[in-house]
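Structure data (compact mmCIF, C-alpha atoms) from target.txt:
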# COMPACT_ATOMS: atom_id res chain seq x y z
CA MET A 695 95.93 132.95 64.46
CA GLU A 696 96.79 136.07 66.43
CA LEU A 697 96.53 136.35 70.19
CA ARG A 698 94.72 139.70 69.87
CA HIS A 699 91.94 137.92 67.96
CA LEU A 700 91.64 135.36 70.75
CA ARG A 701 91.45 138.13 73.34
CA ALA A 702 88.75 139.86 71.29
CA PHE A 703 86.73 136.66 70.98
CA ILE A 704 87.01 135.87 74.70
CA ALA A 705 85.83 139.36 75.61
CA VAL A 706 82.81 139.11 73.31
CA ALA A 707 82.04 135.55 74.47
CA GLU A 708 82.09 136.60 78.12
CA GLU A 709 80.22 139.88 77.68
CA LEU A 710 77.84 138.62 74.96
CA ASN A 711 77.72 142.23 73.86
CA PHE A 712 80.00 143.90 71.32
CA ARG A 713 79.71 147.34 72.88
CA ARG A 714 80.70 146.18 76.37
CA ALA A 715 83.47 143.99 74.94
CA ALA A 716 84.86 146.97 73.00
CA VAL A 717 84.89 149.10 76.15
CA ARG A 718 86.64 146.29 78.03
CA LEU A 719 89.30 146.08 75.32
CA HIS A 720 89.69 149.86 75.05
CA MET A 721 88.81 149.91 71.37
CA SER A 722 85.89 150.95 69.17
CA GLN A 723 83.22 148.49 68.13
CA PRO A 724 83.79 148.31 64.30
CA PRO A 725 87.43 147.07 64.54
CA LEU A 726 86.31 144.51 67.14
CA SER A 727 83.63 143.19 64.79
CA GLN A 728 86.22 142.94 62.01
CA GLN A 729 88.57 140.93 64.24
CA ILE A 730 85.81 138.47 65.09
CA LYS A 731 84.93 138.07 61.40
CA ARG A 732 88.60 137.41 60.52
CA LEU A 733 88.82 134.84 63.30
CA GLU A 734 85.67 133.04 62.15
CA HIS A 735 86.99 133.06 58.59
CA GLU A 736 90.27 131.53 59.78
CA VAL A 737 88.53 128.88 61.90
CA GLY A 738 86.08 128.14 59.11
CA VAL A 739 82.89 128.07 61.18
CA ALA A 740 80.60 130.59 62.89
CA LEU A 741 81.53 131.11 66.52
CA LEU A 742 78.85 133.62 67.39
CA HIS A 743 75.16 133.87 66.58
CA ARG A 744 74.26 137.56 66.18
CA THR A 745 70.89 139.24 66.08
CA THR A 746 69.95 142.88 66.47
CA ARG A 747 69.13 142.20 70.11
CA GLN A 748 71.67 139.68 71.37
CA VAL A 749 74.87 137.77 70.84
CA ALA A 750 75.14 134.08 71.67
CA LEU A 751 77.81 131.44 71.30
CA THR A 752 77.32 128.69 68.78
CA ALA A 753 78.22 125.11 69.73
CA ALA A 754 81.51 125.66 67.90
CA GLY A 755 81.99 128.91 69.80
CA GLU A 756 81.48 127.17 73.14
CA ALA A 757 84.18 124.62 72.28
CA PHE A 758 86.48 127.27 70.85
CA LEU A 759 86.17 129.41 73.99
CA VAL A 760 87.57 126.61 76.16
CA GLU A 761 90.63 126.20 73.95
CA ALA A 762 91.09 129.95 73.44
CA ARG A 763 91.29 130.47 77.20
CA LYS A 764 93.87 127.67 77.49
CA THR A 765 95.92 129.15 74.67
CA LEU A 766 95.87 132.65 76.10
CA LYS A 767 96.76 131.37 79.56
CA ALA A 768 99.69 129.39 78.13
CA ALA A 769 100.90 132.40 76.17
CA GLN A 770 100.78 134.56 79.29
CA ALA A 771 102.67 131.92 81.29
CA ALA A 772 105.39 131.32 78.68
CA PRO A 773 107.64 134.30 79.58
CA ARG A 774 107.42 133.47 83.28
CA VAL A 775 108.26 129.82 82.64
CA ALA A 776 111.19 130.83 80.43
CA ARG A 777 112.56 133.08 83.18
CA GLN A 778 112.16 130.29 85.75
CA ALA A 779 113.98 127.82 83.50
CA ALA A 780 116.83 130.27 82.92
CA ALA A 781 117.13 130.76 86.69
CA GLY A 782 117.16 127.00 87.36
CA GLU A 783 113.85 127.16 89.24
CA ILE A 784 112.16 124.56 87.03
CA GLY A 785 113.44 121.69 84.92
CA SER A 786 115.19 118.51 85.95
CA ILE A 787 118.52 117.14 87.15
CA ARG A 788 119.71 113.63 86.34
CA LEU A 789 121.74 112.52 89.36
CA GLY A 790 123.67 109.28 89.43
CA PHE A 791 124.94 107.78 92.67
CA SER A 792 126.99 104.84 93.76
CA GLY A 793 124.65 102.95 96.03
CA PRO A 794 123.72 102.37 99.68
CA THR A 795 126.97 103.64 101.24
CA SER A 796 126.10 107.14 99.98
CA TYR A 797 122.39 107.16 100.94
CA GLN A 798 122.86 109.61 103.82
CA VAL A 799 124.51 112.21 101.59
CA LEU A 800 122.07 111.60 98.74
CA LEU A 801 119.05 112.15 100.98
CA LEU A 802 120.54 115.34 102.42
CA ILE A 803 121.30 116.74 98.95
CA VAL A 804 117.83 115.95 97.63
CA ARG A 805 116.08 117.31 100.73
CA LYS A 806 117.97 120.60 100.69
CA PHE A 807 117.49 121.02 96.96
CA ARG A 808 113.77 120.27 97.15
CA GLU A 809 113.37 122.88 99.89
CA ARG A 810 115.06 125.52 97.73
CA PHE A 811 113.82 124.46 94.27
CA PRO A 812 110.57 122.53 94.74
CA GLN A 813 109.64 122.63 91.04
CA VAL A 814 112.84 120.95 89.80
CA ARG A 815 112.54 117.21 89.30
CA PHE A 816 115.30 114.83 90.39
CA ASP A 817 115.83 111.80 88.16
CA ILE A 818 117.93 109.34 90.16
CA VAL A 819 120.13 106.87 88.27
CA SER A 820 121.58 104.06 90.42
CA PRO A 821 123.34 102.03 91.62
CA LEU A 822 126.50 102.74 89.67
CA LEU A 823 130.19 102.43 90.43
CA GLY A 824 132.62 105.31 90.01
CA GLY A 825 133.92 104.38 86.57
CA GLU A 826 130.40 103.94 85.25
CA LEU A 827 129.32 107.32 86.59
CA VAL A 828 132.30 109.05 84.98
CA GLY A 829 131.31 107.44 81.68
CA LEU A 830 127.72 108.65 82.02
CA LEU A 831 128.91 112.17 82.83
CA ASN A 832 131.22 112.25 79.82
CA ARG A 833 128.41 110.99 77.56
CA GLN A 834 126.05 113.63 79.04
CA ASP A 835 123.65 110.93 80.22
CA VAL A 836 123.61 112.40 83.74
CA ASP A 837 124.15 115.95 84.98
CA ALA A 838 125.95 115.06 88.21
CA GLY A 839 127.28 111.99 89.96
CA LEU A 840 127.72 111.16 93.64
CA LEU A 841 130.81 108.96 93.55
CA ARG A 842 133.98 107.82 95.26
CA LEU A 843 137.38 109.40 94.68
CA PRO A 844 139.86 109.26 93.07
CA ILE A 845 138.53 109.42 89.51
CA SER A 846 139.83 110.60 86.16
CA ALA A 847 138.44 114.12 86.27
CA SER A 848 139.32 115.48 82.83
CA GLY A 849 136.55 117.93 81.85
CA LEU A 850 134.83 117.47 85.21
CA ARG A 851 134.45 119.60 88.32
CA VAL A 852 134.69 117.67 91.58
CA ARG A 853 133.66 118.72 95.09
CA GLU A 854 134.58 116.41 97.98
CA LEU A 855 131.71 116.14 100.45
CA GLN A 856 132.67 113.55 103.05
CA ARG A 857 135.38 110.99 103.84
CA HIS A 858 134.45 107.46 104.85
CA PRO A 859 136.89 105.05 106.52
CA LEU A 860 137.06 101.51 105.20
CA ALA A 861 135.57 98.75 107.32
CA ALA A 862 136.13 95.01 107.30
CA ALA A 863 132.90 93.08 106.88
CA LEU A 864 133.33 89.79 108.75
CA PRO A 865 130.98 86.90 109.49
CA ALA A 866 129.72 87.13 113.06
CA GLY A 867 131.55 83.89 113.93
CA HIS A 868 134.93 85.06 112.60
CA PRO A 869 137.80 84.96 115.14
CA LEU A 870 138.32 88.72 114.74
CA ALA A 871 134.63 89.63 114.99
CA GLY A 872 134.90 90.53 118.66
CA ASP A 873 137.77 92.98 118.20
CA ALA A 874 137.28 96.76 118.25
CA GLU A 875 139.19 97.16 114.98
CA VAL A 876 141.51 95.31 112.63
CA VAL A 877 144.56 96.08 110.51
CA LEU A 878 145.01 95.00 106.91
CA PRO A 879 147.67 92.34 107.66
CA ASP A 880 145.05 90.59 109.83
CA LEU A 881 143.20 89.82 106.59
CA ARG A 882 146.18 88.51 104.64
CA GLU A 883 144.91 84.93 104.44
CA GLU A 884 141.26 85.77 103.82
CA GLY A 885 139.27 85.43 100.62
CA PHE A 886 137.77 88.78 99.62
CA ILE A 887 134.35 89.45 98.14
CA SER A 888 134.76 92.46 95.88
CA TYR A 889 132.85 94.85 93.70
CA PRO A 890 132.94 93.90 89.98
CA ALA A 891 136.41 94.34 88.50
CA ASP A 892 135.13 95.56 85.12
CA ARG A 893 132.88 98.42 86.32
CA GLY A 894 135.46 100.89 87.56
CA SER A 895 135.10 100.37 91.32
CA VAL A 896 137.19 102.94 93.18
CA VAL A 897 136.95 100.90 96.40
CA ASN A 898 138.46 97.89 94.61
CA GLN A 899 141.38 100.02 93.46
CA VAL A 900 141.92 101.48 96.93
CA VAL A 901 141.79 98.03 98.57
CA GLN A 902 144.29 96.50 96.17
CA ALA A 903 146.73 99.40 96.51
CA ALA A 904 146.50 99.38 100.32
CA CYS A 905 147.05 95.62 100.56
CA LEU A 906 150.06 95.79 98.25
CA GLN A 907 151.57 98.46 100.49
CA HIS A 908 151.34 95.93 103.33
CA GLY A 909 153.10 93.27 101.30
CA PHE A 910 150.28 91.06 100.06
CA ARG A 911 147.88 90.85 97.15
CA PRO A 912 144.22 90.34 98.16
CA GLU A 913 142.63 87.15 96.89
CA PHE A 914 139.27 88.03 95.37
CA VAL A 915 137.15 84.88 95.54
CA GLN A 916 133.82 86.32 94.42
CA GLU A 917 132.31 89.48 92.98
CA ALA A 918 129.07 91.15 94.02
CA PRO A 919 127.20 93.95 92.20
CA ASP A 920 126.73 96.21 95.24
CA THR A 921 127.53 96.70 98.91
CA HIS A 922 124.36 95.06 100.20
CA THR A 923 125.13 91.90 98.23
CA ILE A 924 128.73 91.89 99.49
CA LEU A 925 127.47 92.00 103.07
CA SER A 926 124.91 89.28 102.38
CA LEU A 927 127.61 87.00 100.97
CA VAL A 928 129.83 87.73 103.96
CA GLY A 929 126.97 86.76 106.24
CA ALA A 930 126.63 83.51 104.29
CA GLY A 931 130.32 82.71 104.98
CA ALA A 932 131.57 83.21 101.42
CA GLY A 933 134.47 85.44 102.50
CA VAL A 934 135.22 88.87 103.94
CA GLY A 935 134.74 92.29 102.41
CA LEU A 936 136.18 95.77 102.63
CA VAL A 937 133.46 98.39 102.28
CA PRO A 938 132.96 102.02 103.37
CA LEU A 939 132.08 102.19 107.07
CA SER A 940 128.96 104.15 106.08
CA ALA A 941 127.46 100.78 105.05
CA GLY A 942 126.77 100.16 108.74
CA HIS A 943 123.17 101.36 108.43
CA LEU A 944 122.39 98.30 106.27
CA GLU A 945 122.60 96.04 109.36
CA VAL A 946 122.79 92.71 107.53
CA PRO A 947 122.23 89.81 109.98
CA GLY A 948 125.30 87.75 110.73
CA VAL A 949 127.74 90.47 109.65
CA VAL A 950 130.07 92.55 111.80
CA LEU A 951 131.69 95.76 110.52
CA LEU A 952 135.02 96.69 112.08
CA PRO A 953 137.09 99.81 111.30
CA VAL A 954 140.38 99.07 109.50
CA ARG A 955 142.94 101.18 111.34
CA ASP A 956 145.60 101.29 108.61
CA ALA A 957 143.35 101.50 105.54
CA PRO A 958 142.95 104.75 103.58
CA VAL A 959 139.67 106.63 103.62
CA VAL A 960 137.48 106.74 100.53
CA PRO A 961 136.18 110.27 99.85
CA LEU A 962 132.65 110.78 98.56
CA ALA A 963 132.25 113.65 96.09
CA LEU A 964 129.87 115.25 93.64
CA ALA A 965 131.16 115.49 90.08
CA TRP A 966 129.67 117.36 87.13
CA ARG A 967 130.77 118.51 83.68
CA GLU A 968 132.47 121.89 83.50
CA ASP A 969 130.48 122.80 80.37
CA ASP A 970 127.06 121.55 81.49
CA PRO A 971 124.55 124.31 80.55
CA ASN A 972 121.73 123.05 82.79
CA PRO A 973 120.71 126.07 84.97
CA ALA A 974 119.23 123.75 87.61
CA LEU A 975 122.68 122.20 88.08
CA ARG A 976 124.05 125.58 89.14
CA GLY A 977 121.47 125.64 91.92
CA LEU A 978 122.58 122.20 93.10
CA VAL A 979 126.26 123.15 93.10
CA GLY A 980 125.42 126.31 95.01
CA LEU A 981 124.03 124.22 97.88
CA LEU A 982 127.12 122.08 98.40
CA ASP A 983 128.60 124.29 101.14
CA GLU A 984 125.41 123.83 103.15
CA VAL A 985 125.48 120.08 102.54
CA VAL A 986 129.08 119.77 103.75
CA ALA A 987 128.35 121.89 106.82
CA GLU A 988 125.51 119.58 107.84
CA LEU A 989 127.33 116.28 107.32

Target encoding structure tokens, full file:
Amino acid sequence: MELRHLRAFIAVAEELNFRRAAVRLHMSQPPLSQQIKRLEHEVGVALLHRTTRQVALTAAGEAFLVEARKTLKAAQAAPRVARQAAAGEIGSIRLGFSGPTSYQVLLLIVRKFRERFPQVRFDIVSPLLGGELVGLLNRQDVDAGLLRLPISASGLRVRELQRHPLAAALPAGHPLAGDAEVVLPDLREEGFISYPADRGSVVNQVVQAACLQHGFRPEFVQEAPDTHTILSLVGAGAGVGLVPLSAGHLEVPGVVLLPVRDAPVVPLALAWREDDPNPALRGLVGLLDEVVAEL
């Protein structure tokens, strides 16, 4: 079925006059009549009822007109949509992120991107730890990941966005809870609540390395799937935790967060595959300078 036949039918259906339809289409009347006959032959039913005085739509013609208009509109929109997709102005981005300690950066990224590319959909995948996000990126299950550094970045591009100090999460009744800050040796005898050991937690790795540098190995007494659960367990008296200071907005009752003066910072970054062909991803990467400037 040719688009020119649909245009011819729509013109006749709207004018209900072959002569006026032919003038509208800038063609003579006999070829127009032939196009309508070919179209009816292809459809297999009469679309128009013709007499010497008038032209009217059959019931089939009424139904066909609705679909013909939709088809023609879609055909006219297709080149524009293709250009928008190639420019990254429509489509989707699958963004993974590591949980509540990165909410501030996530919201800023999504807000800025939505302002610039309102027709691109964000599919958020969370909460995931750094190792899990790297795996999803390598398997092409997400387009970008908001994660903690350091990571194994083979085949990935990484842009650091912000650095978060580590904080000690202590029960409100802990002897150190009233201090302005702590140092790692203060926590030597404590039992630590940690992120899961088998999910590639960068914070776990940073904590262990920092404690070893101060001459002790942290005793992990319990695991928790995310930062909010770690803080909840701390509040219940199950142990202490080391989490990014950006977790302070969670405000879990019975928990005090204190900066750890001699602990390393944990950078937050956006990572994506070097060979990702998604045009919308290029738009996201192009906004990162603005994101960093506003943090």

Inset, instruction - Find the residues near Val836 of chain A: any atom within 10 Å, counting all atoms listed in the file, skip ones fewer than 3 places away on the same chain, and give them as a PyMOL selection string. - result: chain A and resi 787-790+817-819+827-833+839+966-967

Please produce a file of the residues just selected, as a tab-separated table (two decimals), in the frame of the given file, where the atoms kept are C-alpha atoms.
chain	number	residue	atom	x	y	z
A	787	ILE	CA	118.52	117.14	87.15
A	788	ARG	CA	119.71	113.63	86.34
A	789	LEU	CA	121.74	112.52	89.36
A	790	GLY	CA	123.67	109.28	89.43
A	817	ASP	CA	115.83	111.80	88.16
A	818	ILE	CA	117.93	109.34	90.16
A	819	VAL	CA	120.13	106.87	88.27
A	827	LEU	CA	129.32	107.32	86.59
A	828	VAL	CA	132.30	109.05	84.98
A	829	GLY	CA	131.31	107.44	81.68
A	830	LEU	CA	127.72	108.65	82.02
A	831	LEU	CA	128.91	112.17	82.83
A	832	ASN	CA	131.22	112.25	79.82
A	833	ARG	CA	128.41	110.99	77.56
A	839	GLY	CA	127.28	111.99	89.96
A	966	TRP	CA	129.67	117.36	87.13
A	967	ARG	CA	130.77	118.51	83.68

Legend entry - Straight-line distance linking atom CA of Val706 of chain A with atom CA of Leu742 of chain A, stated in Å to one decimal: 9.0 Å

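With only C-alpha atoms as the atoms that count, the residue of A:Leu944, A:Gln834, A:Ala930, A:Gln728 with the shortest distance to Asn972 of chain A is A:Gln834.
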
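Atom CA of Leu978 of chain A lies 28.0 Å from atom CA of Leu860 of chain A.
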
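Among the candidates A:Leu719, A:Leu726, A:Leu870, A:Leu759, the residue lying nearest to Ala707 of chain A is A:Leu759 (atoms considered: all atoms listed in the file).
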
Legend entry - Test item: residues at most 12 Å from Leu741 of chain A, only C-alpha atoms, excluding those fewer than 5 positions along its chain, as a list in words: Leu700, Phe703, Ile704, Val706, Ala707, Leu710, Ile730, Lys731, Arg732, Leu733, Glu734, His735, Glu736, Val749, Ala750, Leu751, Thr752, Ala753, Ala754, Gly755, Glu756, Ala757, Phe758, Leu759 and Ala762 of chain A

Legend entry - Selection: 9 Å around segment 908-914 of chain A, all atoms listed in the file, excl. self and same-chain fewer than 3 positions, as a PyMOL selection string: chain A and resi 878-879+881-888+901-905+917+933

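Here atom CA of Gly872 of chain A and atom CA of Asp956 of chain A stand 18.2 Å from one another.
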
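The shortest atom-to-atom distance to Ala862 of chain A, with all atoms listed in the file taken into account, belongs to A:Leu936 out of A:Val760, A:Ala974, A:Leu906, A:Leu936.
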
Legend entry - Top pick for closest residue to Leu962 of chain A, considering A:Gly849, A:Gly738, A:Pro812, A:Pro859 and counting all atoms listed in the file: A:Pro859

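The closest residue to Leu822 of chain A, picked from A:Ser792, A:Ser786, A:Gln899, A:Thr921 and counting all atoms listed in the file, is A:Ser792.
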
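Between Ala918 of chain A and the residues A:Val900, A:Met721, A:Leu823, A:Ala987, the shortest atom-to-atom distance, using only C-alpha atoms, involves A:Leu823.
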
Quick one: everything within 9 Å of Val950 of chain A, counting only C-alpha atoms, minus sequence neighbours fewer than 3 positions away in the same chain. Send it as a compact mmCIF listing (two decimals) with C-alpha atoms, in the frame of the given file.
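As a result, out14.txt now contains:
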# COMPACT_ATOMS: atom_id res chain seq x y z
CA ALA A 862 136.13 95.01 107.30
CA ALA A 863 132.90 93.08 106.88
CA LEU A 864 133.33 89.79 108.75
CA PRO A 865 130.98 86.90 109.49
CA ALA A 866 129.72 87.13 113.06
CA HIS A 868 134.93 85.06 112.60
CA ALA A 871 134.63 89.63 114.99
CA GLY A 872 134.90 90.53 118.66
CA GLY A 929 126.97 86.76 106.24
CA GLY A 942 126.77 100.16 108.74
CA GLU A 945 122.60 96.04 109.36
CA VAL A 946 122.79 92.71 107.53
CA PRO A 947 122.23 89.81 109.98

Box time for segment 713-726 of chain A: axis-aligned, enclosing all its listed atoms, 6 Å extra on each side; report centre and edge lengths in Å to one decimal, as AutoDock Vina command-line options.
--center_x 84.7 --center_y 147.5 --center_z 71.2 --size_x 22.0 --size_y 19.0 --size_z 25.7
